[in-house]
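Below you'll find the structure, written out as structure tokens, and then a few comments.
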Number of protein chains: 2
Amino acid sequence: MVLKKGDFITINFTCKVKESGEVVETTLEEVVEKEGLQSKHSDEKHEYEPLFIVVGEGWVPKGVDEALEGMEVGQEKTVEVPPDKGFGVRDPSKMKLLPLRRFSKEGITPVPGIQVEVDGKPALIRSVGAGRVQVDFNHPLSGKSLTYNLKLESLIRKSIEKVRAVIHRRIPTLNLEKTEIKVGTNEVNINIPEDSFFIEGLQLAKRNVANDIHKYLPKFKSILFIEKFMRSVSPGEVVRKKSSSPSRTESSSQPQQSDKNRS
Amino acid sequence: MVLKKGDFITINFTCKVKESGEVVETTLEEVVEKEGLQSKHSDEKHEYEPLFIVVGEGWVPKGVDEALEGMEVGQEKTVEVPPDKGFGVRDPSKMKLLPLRRFSKEGITPVPGIQVEVDGKPALIRSVGAGRVQVDFNHPLSGKSLTYNLKLESLIRKSIEKVRAVIHRRIPTLNLEKTEIKVGTNEVNINIPEDSFFIEGLQLAKRNVANDIHKYLPKFKSILFIEKFMRSVSPGEVVRKKSSSPSRTESSSQPQQSDKNRS
């Protein structure tokens, strides 16, 4: 059984710049440690795990997508990816000269080599002259040939596991073990656990999950997210009890206060 | 049938300062117009409607809660509410002298009569002296006798209507006509319409709805909020399709970009 477009898979990979051998991306903790890259994540707990992708959908550079088609589970492969199948060829028109005051008025001192954001787009400062700054909007890996060490770790076959992979992609902080997922003929029910109701950006993430399922698992017409509040003495309950105490004036749930805005 | 504690009702009311006759709060648009108060809401569309309350729960000042018990639907009443059953008696210890620099370092120029916030508490500037500011933390209506014109508009009897009232209180911007509510023996299902998934503060509002139902309608043990994403060509769909176009580098859904944070 070989891979084809639309398959749900997980891969481990390490991507290096061909010329320099510099590791620019990896899913493997051992590579990070060996290369001394771990400092990048020293401020947060980072779990290394295989990357979930849908084959042929452009979630990885084209050269990687092409290499995956035809691979078998467990197989390893080293692929050379030229710029046009990687992060693009360098586009000279994406080098711009900008007046220095654009940076100084935002309190930025441009120095060659630093990453900045201009009109919401990431850019690299190339050089700083008299009153002018040369800024490069090309992707930092554009124009570079890359070497990918790939391993196809798994092929996800069951619908419920596919849904699970999509949820993990879109809501990585959600505890999947506590998330009840039911898959019907054309409906998916996702029960968010109560301790995750306040994950930042949850509403947008739900929409992204639904969009992914609608696109890649089109047999599911409706995606239901369910949030169940149980009656129990939870921290929320304690807060609520406080707010109904006789000292009304300090409670935010007081209609006297909210109604002030009405009159 | 007369009112008792715990009843769900709606009322219209106008609250005036007894001494001056100044209207400080009303649910009635005609009063707002007559008194020339409408300018307060000129920047937003404001719907006047009867206020929903649960009798005897301190959602309105004690004097109003007491006056309500025993009233009948359709009945009108004028009640005088003394400070101790209104917004409290004035507490001299809530007048504080604060150093002027507390305000100046936050860029505030204290002027007698303006409302400020000090340590998260609303306060009124009473006077400004040499280097010192007298600040009043008493409620602006404390110490004042109030006159309430009350009308008991309706008694809410059905559980589903009670749930609806709670939802409207906690999520006033939610379109209730599009919100499907199902009430079982000990469960409430609330289907949020798709155009309301991004109401600001929705997650917190859901918790408040659940807390209110658990407190005032304790027979309902579990409150389920359901958000259903249907497969259709919605604006979200269009955005998603764009993001899978061949020009990958500008799309925020690209794993190359998100994975940068992983390596």
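In the structure tokens, chains take letters A, B, ... by order of appearance, with residues numbered from 1 within each chain and ligands from 1 in the order shown.
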Q: Compile the contact shell of Phe229 (chain A) as a list in words: residues with an atom at most 9 Å away, counting only C-alpha atoms, same-chain residues fewer than 5 positions apart removed.
A: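 The contact residues come out as Glu194 of chain A; Lys206, Arg207, Ala210, Asn211, Lys221, Ser222, Ile223, Leu224 and Phe225 of chain B.
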(Q) Give me the residues near Lys182 (chain A) as a count of residues only, where near means some atom within 10 Å (using only C-alpha atoms) and where sequence neighbours in that chain fewer than 4 positions away do not count. (A) 8
Q. Closest to chain B among A:Val60, A:Val54, A:Val166, A:Ile114, using only C-alpha atoms?
A.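 Going through A:Val60, A:Val54, A:Val166, A:Ile114 one by one, the smallest distance to chain B is for A:Val60.
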Q. As a ChimeraX atom specification, which residues of region 77-257 of chain A does DSSP assign to strand (DSSP E)?
A. /A:77-81,95-99,115-118,121-128,132-136,146-156,180-183,187-192,222-230
Q | Which of A:Val2, A:Ile53, A:Gly88, A:Ser232 sits closest to Leu146 (chain A) [using only C-alpha atoms] | A |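 Among the listed residues, A:Gly88 lies closest to Leu146 (chain A).
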(Q) I'd like the neighbourhood of Gln203 (chain A) as a list of chain:residue names, where a residue qualifies if any of its atoms comes within 12 Å (using only C-alpha atoms), though same-chain residues fewer than 6 positions away should be ignored. (A)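 In the requested form, the answer reads A:Arg170, A:Ile171, A:Ile192, A:Ser196, A:Phe197, A:Val209, A:Ala210, A:Phe225, A:Glu227, B:Glu194, B:Asp195, B:Ser196, B:Phe197, B:Phe198, B:Ile199, B:Glu200, B:Gly201, B:Leu202, B:Gln203, B:Glu227, B:Lys228, B:Phe229.
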Might you pull out every residue within 6 Å of Glu29 (chain A), with only C-alpha atoms counted and same-chain residues fewer than 2 positions away left off, and present them as an mmCIF file with N, CA, C and O atoms, in the first residue's frame?
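Saved the output as around_8.cif:
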data_model
loop_
_atom_site.group_PDB
_atom_site.id
_atom_site.type_symbol
_atom_site.label_atom_id
_atom_site.label_comp_id
_atom_site.auth_asym_id
_atom_site.auth_seq_id
_atom_site.Cartn_x
_atom_site.Cartn_y
_atom_site.Cartn_z
ATOM 1 N N VAL A 31 17.729 15.332 17.244
ATOM 2 C CA VAL A 31 18.434 16.217 16.305
ATOM 3 C C VAL A 31 18.621 17.596 16.932
ATOM 4 O O VAL A 31 19.687 18.204 16.845
ATOM 5 N N VAL A 32 17.569 18.063 17.596
ATOM 6 C CA VAL A 32 17.636 19.365 18.261
ATOM 7 C C VAL A 32 18.757 19.368 19.287
ATOM 8 O O VAL A 32 19.563 20.299 19.357
ATOM 9 N N TYR A 48 8.187 17.184 21.123
ATOM 10 C CA TYR A 48 8.519 16.767 19.779
ATOM 11 C C TYR A 48 7.654 15.572 19.445
ATOM 12 O O TYR A 48 7.486 14.662 20.244
#
Q: Quote the spacing between CA of Asp7 (chain B) and CA of Arg169 (chain B) in Å to one decimal place.
A: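 Pair CA of Asp7 (chain B) / CA of Arg169 (chain B) returns 15.5 Å.
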Q.
I need the helix (DSSP H, G or I) residues of region 15-248 of chain A per DSSP on the backbone, written as number ranges by chain.
A. A: 29-34, 38-41, 62-68, 83-85, 92-94, 100-104, 159-170, 176-178, 194-196, 202-216, 235-243, 248
(Q) Under the rule that only C-alpha atoms are counted, which of B:Leu141, B:Val133, B:Val73, B:Val89 is the nearest residue to Pro110 (chain B)? (A)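 Going through B:Leu141, B:Val133, B:Val73, B:Val89 one by one, the smallest distance to Pro110 (chain B) is for B:Val133.
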Q) Between B:Val118, B:Ala165, B:Leu37, B:Leu3, which is the closest to chain A once you count only C-alpha atoms? A)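 Of the candidates, the smallest distance to chain A is held by B:Leu37.
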Q: Name the residues in contact with Lys62 (chain B) at a cut-off of 6 Å, using only C-alpha atoms, excluding same-chain residues fewer than 2 positions from it; report them as a VMD selection string.
A: chain B and resid 64 to 65 85
Could you please take those selected residues and save all heavy atoms as a PDB file, in the first residue's frame?
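Output (out.pdb):
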ATOM      1  N   VAL B  64     -36.600  47.556  46.429  1.00  0.00           N
ATOM      2  CA  VAL B  64     -37.385  47.162  45.251  1.00  0.00           C
ATOM      3  C   VAL B  64     -37.788  45.698  45.361  1.00  0.00           C
ATOM      4  O   VAL B  64     -38.956  45.337  45.139  1.00  0.00           O
ATOM      5  CB  VAL B  64     -36.592  47.421  43.953  1.00  0.00           C
ATOM      6  CG1 VAL B  64     -37.383  46.956  42.729  1.00  0.00           C
ATOM      7  CG2 VAL B  64     -36.241  48.897  43.827  1.00  0.00           C
ATOM      8  N   ASP B  65     -36.832  44.856  45.731  1.00  0.00           N
ATOM      9  CA  ASP B  65     -37.136  43.428  45.928  1.00  0.00           C
ATOM     10  C   ASP B  65     -38.293  43.265  46.910  1.00  0.00           C
ATOM     11  O   ASP B  65     -39.218  42.477  46.680  1.00  0.00           O
ATOM     12  CB  ASP B  65     -35.888  42.704  46.471  1.00  0.00           C
ATOM     13  CG  ASP B  65     -35.241  41.781  45.424  1.00  0.00           C
ATOM     14  OD1 ASP B  65     -35.903  41.457  44.421  1.00  0.00           O
ATOM     15  OD2 ASP B  65     -34.075  41.408  45.624  1.00  0.00           O
ATOM     16  N   LYS B  85     -31.912  50.731  52.120  1.00  0.00           N
ATOM     17  CA  LYS B  85     -32.490  49.691  51.256  1.00  0.00           C
ATOM     18  C   LYS B  85     -32.259  50.008  49.781  1.00  0.00           C
ATOM     19  O   LYS B  85     -32.850  49.382  48.892  1.00  0.00           O
ATOM     20  CB  LYS B  85     -33.987  49.539  51.533  1.00  0.00           C
ATOM     21  CG  LYS B  85     -34.248  48.994  52.937  1.00  0.00           C
ATOM     22  CD  LYS B  85     -35.688  48.594  53.130  1.00  0.00           C
ATOM     23  CE  LYS B  85     -35.835  47.880  54.475  1.00  0.00           C
ATOM     24  NZ  LYS B  85     -37.211  47.436  54.702  1.00  0.00           N
TER      25      LYS B  85
END
Q: Measure the distance from CA of Thr179 (chain B) to CA of Ile213 (chain B) in Å and round it to one decimal.
A: 16.6 Å
Q) Skipping near chain neighbours, those fewer than 6 positions away, what residues fall within 12 Å of Glu30 (chain B) using only C-alpha atoms, listed as a PyMOL selection string? A) (chain A and resi 263) or (chain B and resi 12-14+36-38+47-49)
Could you write out that same residue set with N, CA and C atoms as a compact mmCIF listing (two decimals), in the first residue's frame?
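Below is the file out_20.txt, written as the result:
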# COMPACT_ATOMS: atom_id res chain seq x y z
N SER A 263 -29.41 53.39 31.37
CA SER A 263 -30.27 54.55 31.61
C SER A 263 -29.67 55.82 31.05
N ASN B 12 -40.91 46.92 34.36
CA ASN B 12 -40.47 48.22 33.88
C ASN B 12 -40.35 49.12 35.09
N PHE B 13 -39.39 49.99 35.06
CA PHE B 13 -39.24 50.89 36.20
C PHE B 13 -38.54 52.17 35.79
N THR B 14 -38.81 53.21 36.59
CA THR B 14 -38.04 54.45 36.48
C THR B 14 -37.60 54.80 37.89
N GLY B 36 -34.84 63.96 28.02
CA GLY B 36 -33.68 64.38 27.24
C GLY B 36 -32.41 63.62 27.59
N LEU B 37 -32.57 62.35 27.94
CA LEU B 37 -31.41 61.54 28.32
C LEU B 37 -30.84 60.74 27.16
N GLN B 38 -31.52 60.78 26.03
CA GLN B 38 -31.14 59.83 24.98
C GLN B 38 -29.73 60.04 24.44
N GLU B 47 -31.76 49.13 22.86
CA GLU B 47 -33.14 48.69 22.89
C GLU B 47 -33.67 48.78 24.31
N TYR B 48 -34.76 49.47 24.44
CA TYR B 48 -35.41 49.52 25.74
C TYR B 48 -36.36 48.35 25.86
N GLU B 49 -36.31 47.70 26.97
CA GLU B 49 -37.16 46.52 27.17
C GLU B 49 -37.28 46.31 28.67
